[in-house]
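So this one's coords_27.txt, compact mmCIF, C-alpha atoms and all ligand atoms:
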```txt
# COMPACT_ATOMS: atom_id res chain seq x y z
CA MET A 87 193.64 191.50 -7.95
CA VAL A 88 194.65 193.55 -4.94
CA GLN A 89 195.07 191.64 -1.72
CA HIS A 90 194.05 193.41 1.45
CA GLY A 91 193.66 190.37 3.67
CA THR A 92 195.80 189.75 6.70
CA GLU A 93 195.97 186.01 6.06
CA ASN A 94 198.00 186.25 2.95
CA THR A 95 199.67 183.03 1.93
CA ASP A 96 201.26 184.44 -1.22
CA PRO A 97 204.99 184.77 -0.44
CA ASN A 98 205.20 187.86 -2.68
CA PRO A 99 201.93 189.69 -2.13
CA LYS A 100 201.42 192.89 -4.09
CA PRO A 101 199.40 195.19 -1.89
CA LEU A 102 200.23 198.28 -3.94
CA GLU A 103 198.57 198.51 -7.31
CA SER A 104 201.66 200.31 -8.50
CA LEU A 105 204.97 201.35 -6.96
CA ASP A 106 203.86 204.94 -7.56
CA GLU A 107 201.24 204.53 -4.86
CA TRP A 108 203.97 204.61 -2.24
CA GLU A 109 205.44 207.75 -3.78
CA ASP A 110 202.01 209.41 -3.97
CA HIS A 111 201.64 208.70 -0.27
CA LEU A 112 205.02 210.37 0.35
CA LYS A 113 203.78 213.47 -1.43
CA ASP A 114 200.72 213.59 0.83
CA ARG A 115 203.00 213.31 3.83
CA TYR A 116 205.55 215.84 2.60
CA PRO A 117 203.64 218.37 0.50
CA GLU A 118 205.57 220.57 -1.87
CA GLY A 119 206.74 223.80 -0.31
CA GLU A 120 207.86 222.26 2.95
CA ALA A 121 211.45 222.01 1.84
CA PRO A 122 213.51 219.25 3.42
CA GLY A 123 215.67 220.58 6.19
CA SER A 124 213.49 223.67 6.46
CA ALA A 125 213.00 222.89 10.13
CA LYS A 126 216.62 223.91 10.70
CA ASP A 127 216.84 222.56 14.18
CA PHE A 128 215.16 219.18 13.89
CA LYS A 129 215.03 218.90 17.66
CA ALA A 130 212.77 221.97 17.81
CA THR A 131 209.94 219.86 16.40
CA ASP A 132 207.50 218.82 19.09
CA PRO A 133 207.65 215.01 19.01
CA ASN A 134 204.06 214.70 20.20
CA LYS A 135 202.80 216.99 17.47
CA LYS A 136 204.80 215.00 14.94
CA ARG A 137 203.27 211.78 16.16
CA GLU A 138 199.78 213.22 15.79
CA GLU A 139 200.48 214.37 12.25
CA PHE A 140 201.78 210.95 11.35
CA ARG A 141 198.65 209.38 12.77
CA ASP A 142 196.62 211.52 10.36
CA TYR A 143 198.60 210.39 7.33
CA GLU A 144 198.27 206.85 8.57
CA LYS A 145 194.51 207.24 9.05
CA ASP A 146 194.04 208.74 5.58
CA ALA A 147 196.32 206.29 3.77
CA ARG A 148 194.76 203.94 1.26
CA PRO A 149 194.27 200.36 2.53
CA THR A 150 196.78 199.19 -0.07
CA VAL A 151 199.42 201.57 1.29
CA ARG A 152 198.66 200.54 4.86
CA GLU A 153 198.99 196.87 3.98
CA PHE A 154 202.22 197.59 2.15
CA TYR A 155 203.73 199.22 5.25
CA ARG A 156 202.42 196.44 7.47
CA LEU A 157 204.32 193.88 5.42
CA ASN A 158 207.41 196.08 5.20
CA HIS A 159 207.55 196.73 8.94
CA THR A 160 206.81 193.13 9.83
CA TYR A 161 209.38 191.47 7.62
CA GLN A 162 212.32 193.88 7.37
CA THR A 163 214.59 192.39 10.02
CA LEU A 164 218.33 192.70 10.47
CA GLU A 165 218.77 189.10 9.41
CA PHE A 166 216.63 189.60 6.30
CA ALA A 167 218.47 192.76 5.21
CA ARG A 168 221.88 191.16 5.75
CA ALA A 169 220.91 188.10 3.72
CA LYS A 170 219.54 190.19 0.84
CA ARG A 171 222.60 192.38 0.81
CA GLU A 172 224.88 189.37 0.72
CA ASP A 173 222.90 187.82 -2.09
CA PHE A 174 222.50 190.92 -4.28
CA THR A 175 226.00 192.28 -3.83
CA ARG A 176 227.21 189.23 -5.77
CA ARG A 177 225.74 191.10 -8.71
CA ASN A 178 225.35 187.93 -10.70
CA ARG A 179 221.88 188.51 -12.18
CA ARG A 180 222.39 190.51 -15.34
CA GLU A 181 224.93 192.61 -17.21
CA MET A 182 223.48 195.70 -18.82
CA THR A 183 224.42 199.17 -19.94
CA ILE A 184 222.61 201.97 -18.11
CA TRP A 185 220.23 202.37 -21.09
CA GLU A 186 219.52 198.65 -21.09
CA ALA A 187 218.86 198.76 -17.35
CA MET A 188 216.45 201.67 -17.87
CA GLU A 189 214.65 199.76 -20.60
CA PHE A 190 214.58 196.67 -18.41
CA LEU A 191 213.07 198.66 -15.55
CA ASN A 192 210.51 199.97 -17.97
CA THR A 193 209.20 196.45 -18.54
CA LEU A 194 207.88 196.59 -14.99
CA VAL A 195 204.19 196.73 -15.66
CA ASP A 196 201.97 197.85 -12.86
CA ASP A 197 198.38 196.75 -12.52
CA SER A 198 197.15 200.31 -12.76
CA ASP A 199 195.97 201.87 -15.99
CA PRO A 200 199.02 202.15 -18.25
CA ASP A 201 197.49 205.03 -20.20
CA THR A 202 197.42 207.44 -17.30
CA ASP A 203 200.59 206.33 -15.61
CA LEU A 204 204.02 207.56 -16.50
CA SER A 205 206.57 204.86 -17.00
CA GLN A 206 209.56 204.31 -14.77
CA LEU A 207 211.73 205.68 -17.57
CA ASP A 208 209.63 208.86 -17.65
CA HIS A 209 210.13 209.34 -13.90
CA LEU A 210 213.89 208.99 -14.26
CA LEU A 211 214.10 211.40 -17.19
CA GLN A 212 211.73 213.94 -15.65
CA THR A 213 213.83 213.93 -12.49
CA SER A 214 217.14 214.33 -14.31
CA GLU A 215 215.78 216.93 -16.74
CA GLN A 216 214.51 219.14 -13.91
CA ILE A 217 217.91 218.86 -12.20
CA ARG A 218 219.55 219.84 -15.49
CA ARG A 219 217.18 222.78 -16.03
CA ASP A 220 218.09 224.06 -12.56
CA GLY A 221 221.74 224.22 -13.60
CA HIS A 222 223.12 221.57 -11.26
CA PRO A 223 226.41 219.75 -11.98
CA ARG A 224 226.49 216.79 -14.34
CA TRP A 225 226.95 214.22 -11.56
CA PHE A 226 223.68 215.48 -10.01
CA VAL A 227 221.83 215.06 -13.33
CA MET A 228 223.31 211.56 -13.65
CA THR A 229 222.09 210.71 -10.16
CA GLY A 230 218.57 211.79 -11.07
CA LEU A 231 218.70 209.61 -14.15
CA ILE A 232 219.64 206.41 -12.33
CA HIS A 233 218.39 206.87 -8.77
CA ASP A 234 215.50 204.37 -9.06
CA LEU A 235 217.18 201.74 -11.24
CA GLY A 236 217.34 199.54 -8.13
CA LYS A 237 213.62 198.97 -8.59
CA ILE A 238 214.58 196.24 -11.04
CA LEU A 239 214.58 194.16 -7.86
CA CYS A 240 210.86 193.75 -8.61
CA LEU A 241 211.82 192.06 -11.87
CA PHE A 242 214.01 189.66 -9.91
CA ASP A 243 210.82 188.65 -8.09
CA GLU A 244 211.47 190.54 -4.89
CA PRO A 245 208.26 191.55 -3.09
CA GLN A 246 207.26 195.24 -3.13
CA TRP A 247 207.94 195.65 0.59
CA ALA A 248 211.59 194.71 -0.07
CA VAL A 249 211.98 197.12 -2.99
CA VAL A 250 210.29 200.39 -2.04
CA GLY A 251 209.15 202.11 1.15
CA ASP A 252 210.83 204.49 3.57
CA THR A 253 214.10 202.94 4.75
CA PHE A 254 215.40 202.74 8.33
CA PRO A 255 218.33 201.27 10.29
CA LEU A 256 218.10 197.75 11.68
CA GLY A 257 219.72 196.44 14.85
CA CYS A 258 218.59 199.40 16.95
CA ARG A 259 215.30 200.82 18.19
CA PHE A 260 212.76 201.67 15.48
CA SER A 261 212.20 205.41 15.54
CA ASP A 262 208.75 206.72 16.28
CA THR A 263 209.19 209.03 13.29
CA ILE A 264 208.87 206.10 10.88
CA VAL A 265 205.45 206.15 9.32
CA PHE A 266 203.15 203.37 10.64
CA ALA A 267 205.64 202.68 13.45
CA PRO A 268 203.08 200.61 15.42
CA PHE A 269 203.38 197.88 12.76
CA PHE A 270 206.88 197.19 14.10
CA ASP A 271 205.27 195.38 17.02
CA ALA A 272 204.97 192.39 14.68
CA ASN A 273 208.65 192.59 13.68
CA PRO A 274 210.71 189.86 15.42
CA ASP A 275 213.51 192.42 15.96
CA SER A 276 211.21 194.27 18.38
CA LYS A 277 211.66 191.31 20.73
CA VAL A 278 215.47 191.31 20.65
CA ASP A 279 216.73 193.12 23.77
CA GLU A 280 220.00 194.14 22.15
CA TYR A 281 218.16 196.12 19.46
CA GLN A 282 215.97 198.19 21.78
CA SER A 283 218.35 201.02 22.70
CA GLU A 284 218.96 204.11 20.60
CA ASN A 285 222.34 202.83 19.40
CA GLY A 286 221.45 199.13 19.52
CA ILE A 287 224.32 197.03 18.16
CA TYR A 288 226.17 200.15 16.92
CA GLU A 289 228.61 202.61 18.46
CA GLU A 290 227.38 206.16 18.88
CA GLY A 291 228.54 208.18 15.83
CA CYS A 292 229.78 205.07 13.98
CA GLY A 293 228.62 206.43 10.62
CA LEU A 294 225.74 205.23 8.45
CA ASP A 295 228.09 203.13 6.38
CA GLN A 296 228.39 200.81 9.39
CA VAL A 297 224.64 200.55 9.73
CA THR A 298 222.52 197.87 8.08
CA MET A 299 219.57 199.64 6.48
CA SER A 300 216.27 197.99 5.63
CA TRP A 301 216.64 196.37 2.23
CA GLY A 302 215.36 198.05 -0.90
CA HIS A 303 216.10 199.75 -4.21
CA ASP A 304 218.27 202.45 -2.62
CA GLU A 305 220.74 200.15 -0.87
CA TYR A 306 220.85 197.79 -3.84
CA LEU A 307 221.70 200.46 -6.42
CA TYR A 308 224.32 201.94 -4.09
CA HIS A 309 226.20 198.64 -4.16
CA VAL A 310 225.91 198.44 -7.94
CA VAL A 311 227.38 201.91 -8.57
CA LYS A 312 229.60 202.58 -5.57
CA ASP A 313 232.84 202.00 -7.51
CA SER A 314 231.85 204.27 -10.40
CA ASN A 315 233.04 207.79 -11.22
CA LEU A 316 230.19 209.26 -9.17
CA PRO A 317 231.19 211.47 -6.22
CA ASP A 318 230.25 210.64 -2.62
CA SER A 319 227.44 213.21 -2.67
CA ALA A 320 225.78 211.24 -5.49
CA LEU A 321 226.24 207.95 -3.66
CA TYR A 322 224.57 209.46 -0.59
CA MET A 323 221.61 210.58 -2.67
CA ILE A 324 221.27 207.11 -4.15
CA ARG A 325 221.70 205.21 -0.92
CA TYR A 326 219.58 207.35 1.40
CA HIS A 327 216.92 208.98 -0.76
CA SER A 328 214.16 206.93 0.92
CA PHE A 329 215.63 207.36 4.43
CA TYR A 330 212.88 209.83 5.34
CA PRO A 331 213.27 209.28 9.10
CA TRP A 332 216.75 210.83 8.71
CA HIS A 333 216.55 213.39 5.94
CA ARG A 334 213.04 214.69 6.69
CA GLU A 335 212.53 213.82 10.37
CA GLY A 336 216.01 214.28 11.80
CA ALA A 337 216.05 210.88 13.54
CA TYR A 338 219.05 208.57 13.89
CA MET A 339 221.55 211.43 14.17
CA ASN A 340 223.20 209.38 16.94
CA LEU A 341 224.44 206.92 14.32
CA THR A 342 225.84 209.52 11.92
CA ASN A 343 229.42 210.71 11.62
CA GLU A 344 230.73 213.96 10.22
CA LYS A 345 230.74 212.72 6.65
CA ASP A 346 227.07 211.74 6.90
CA ARG A 347 226.10 215.08 8.38
CA GLU A 348 228.08 216.85 5.67
CA ASN A 349 226.28 214.91 2.94
CA LEU A 350 222.81 215.21 4.45
CA LYS A 351 222.35 218.49 2.59
CA TRP A 352 222.81 216.68 -0.73
CA VAL A 353 220.27 214.03 0.17
CA GLN A 354 217.88 216.84 1.09
CA ALA A 355 218.70 218.77 -2.10
CA PHE A 356 217.77 215.72 -4.12
CA ASN A 357 214.47 214.97 -2.39
CA PRO A 358 212.27 217.63 -4.09
CA TYR A 359 213.38 216.39 -7.51
CA ASP A 360 212.37 212.88 -6.56
CA LEU A 361 208.99 213.84 -5.16
CA TYR A 362 207.76 216.81 -7.13
CA THR A 363 208.93 216.58 -10.73
CA LYS A 364 206.26 214.25 -12.00
CA SER A 365 204.41 215.85 -14.88
CA HIS A 366 202.23 214.39 -17.59
CA GLU A 367 204.54 215.62 -20.27
CA GLN A 368 206.50 212.73 -21.64
CA PRO A 369 210.20 213.49 -22.09
CA ASN A 370 211.35 213.23 -25.70
CA LEU A 371 213.80 210.38 -25.50
CA LYS A 372 215.05 210.78 -29.05
CA GLU A 373 215.97 214.41 -28.53
CA LEU A 374 217.56 213.79 -25.16
CA LYS A 375 219.55 210.69 -26.01
CA PRO A 376 222.79 212.31 -27.25
CA TYR A 377 223.14 214.34 -24.05
CA TYR A 378 222.53 211.29 -21.88
CA ASP A 379 224.82 209.06 -23.93
CA ASP A 380 227.63 211.48 -23.08
CA LEU A 381 226.62 211.67 -19.45
CA ILE A 382 226.46 207.90 -19.04
CA ASN A 383 229.83 207.57 -20.74
CA GLU A 384 231.32 209.95 -18.25
CA PHE A 385 230.07 208.26 -15.11
CA LEU A 386 228.96 204.69 -15.79
CA PRO A 387 230.22 203.56 -19.21
CA GLY A 388 229.78 200.09 -20.68
CA LYS A 389 228.10 197.08 -19.16
CA ILE A 390 227.32 197.14 -15.46
CA ARG A 391 226.79 194.02 -13.36
CA PHE A 392 223.45 194.00 -11.60
FE FE B 1 213.44 205.82 -5.10
FE FE B 2 212.34 208.28 -7.49
```
Please render this file's structure as structure tokens.
Amino acid sequence: MVQHGTENTDPNPKPLESLDEWEDHLKDRYPEGEAPGSAKDFKATDPNKKREEFRDYEKDARPTVREFYRLNHTYQTLEFARAKREDFTRRNRREMTIWEAMEFLNTLVDDSDPDTDLSQLDHLLQTSEQIRRDGHPRWFVMTGLIHDLGKILCLFDEPQWAVVGDTFPLGCRFSDTIVFAPFFDANPDSKVDEYQSENGIYEEGCGLDQVTMSWGHDEYLYHVVKDSNLPDSALYMIRYHSFYPWHREGAYMNLTNEKDRENLKWVQAFNPYDLYTKSHEQPNLKELKPYYDDLINEFLPGKIRF
């Protein structure tokens, strides 16, 4: 049963029928062909025009998607994100190999028709296979394979709004480029004076690593894999792939340092694979397994603490 009501007493309401609904909404907002970073000078974009366009996506969004963003924008506070990060970086929930984690994620059953929907495993393999077909380095393929493993947060009973959704910095002013920005009026952080300036509690140019991002599958997986053999470019893709206000809208540049700006191109290079590689063709796991066994062994061998 989908809950649209505003007086929801369920602590973990599920407004989206499936996590894919959020990603389908992203595809409406960022149609294929408009490559990320194609607006070379982000500042050249007319902010008023942008706002109008966003209003259209907001107007046309399904009620479930709207409700999802309402919850996300209302409850993602600096205090909440810090507490979740502290809790989940203990990594004391499960120990699994990457394959086991993929299979575990695959047990996430959405309410939508399972016959027409691709599984989480399919999305991961379709992403990594397209990256491989395009001749990218092995670390890039590996990143595609694991980038959404953080969605196992749902299986640890975290609500949807704390697992998926566009991510954004906390402790500073919410950018107008965040979809459904008006919902931030209900966020307690909107009433904290210290958080209302562009830099908020941060120093200009401090670097995104210093910034507390809204909590979700990106930030979580980053903490799980940050000490692996993956290069920084891969870690950026994992950590910021849902940070649309930055990698598609050019906001929050004031918080970035040189390393962030250098890696932005990798986050942008990854985005089309995340958004546009869904096909109805199911990857042949049996055929692919030997290649991926090798790949996993190279970058994230053995049991990983989640
Ligand atoms: Fe994701
Ligand atoms: Fe994804």
Next on the checklist: What does the list of residues within 12 Å of ligand FE 1 (chain B) look like if you count only C-alpha atoms and all ligand atoms, written as a VMD selection string?
Outcome noted: chain A and resid 105 to 106 108 to 109 112 206 209 to 210 213 229 to 238 249 to 253 302 to 308 323 to 330 353 356 to 361
Next on the checklist: Could you list, as a VMD selection string, every residue within 6 Å of region 161-177 of chain A, counting only C-alpha atoms and ignoring same-chain residues fewer than 2 positions away?
Outcome noted: chain A and resid 158 to 159 179 256 to 257 300 to 301 391 to 392
Next, the residues of the selection above should be written as a PDB file, in the frame of the given file with C-alpha atoms.
```
ATOM      1  CA  ASN A 158     207.410 196.080   5.200  1.00  0.00           C
ATOM      2  CA  HIS A 159     207.550 196.730   8.940  1.00  0.00           C
ATOM      3  CA  ARG A 179     221.880 188.510 -12.180  1.00  0.00           C
ATOM      4  CA  LEU A 256     218.100 197.750  11.680  1.00  0.00           C
ATOM      5  CA  GLY A 257     219.720 196.440  14.850  1.00  0.00           C
ATOM      6  CA  SER A 300     216.270 197.990   5.630  1.00  0.00           C
ATOM      7  CA  TRP A 301     216.640 196.370   2.230  1.00  0.00           C
ATOM      8  CA  ARG A 391     226.790 194.020 -13.360  1.00  0.00           C
ATOM      9  CA  PHE A 392     223.450 194.000 -11.600  1.00  0.00           C
TER      10      PHE A 392
END
```
Checklist entry - What is the distance between CA of Asp271 (chain A) and CA of Ile287 (chain A), in Å to one decimal? => result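 Going from CA of Asp271 (chain A) over to CA of Ile287 (chain A) covers 19.2 Å.
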Item to check | Polymer residues at most 10 Å from Gly388 (chain A), all atoms listed in the file, same-chain spacing of 6 or more positions, as a PyMOL selection string | outcome: chain A and resi 181-185+382
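Note that CA of Gln282 (chain A) and CA of Asp346 (chain A) are 23.0 Å apart.
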Next on the checklist: Measuring between only C-alpha atoms and all ligand atoms, which one of A:Asp142, A:Phe254, A:Lys364, A:Arg115 shows the shortest distance to ligand FE 2 (chain B)?
Outcome noted: A:Lys364
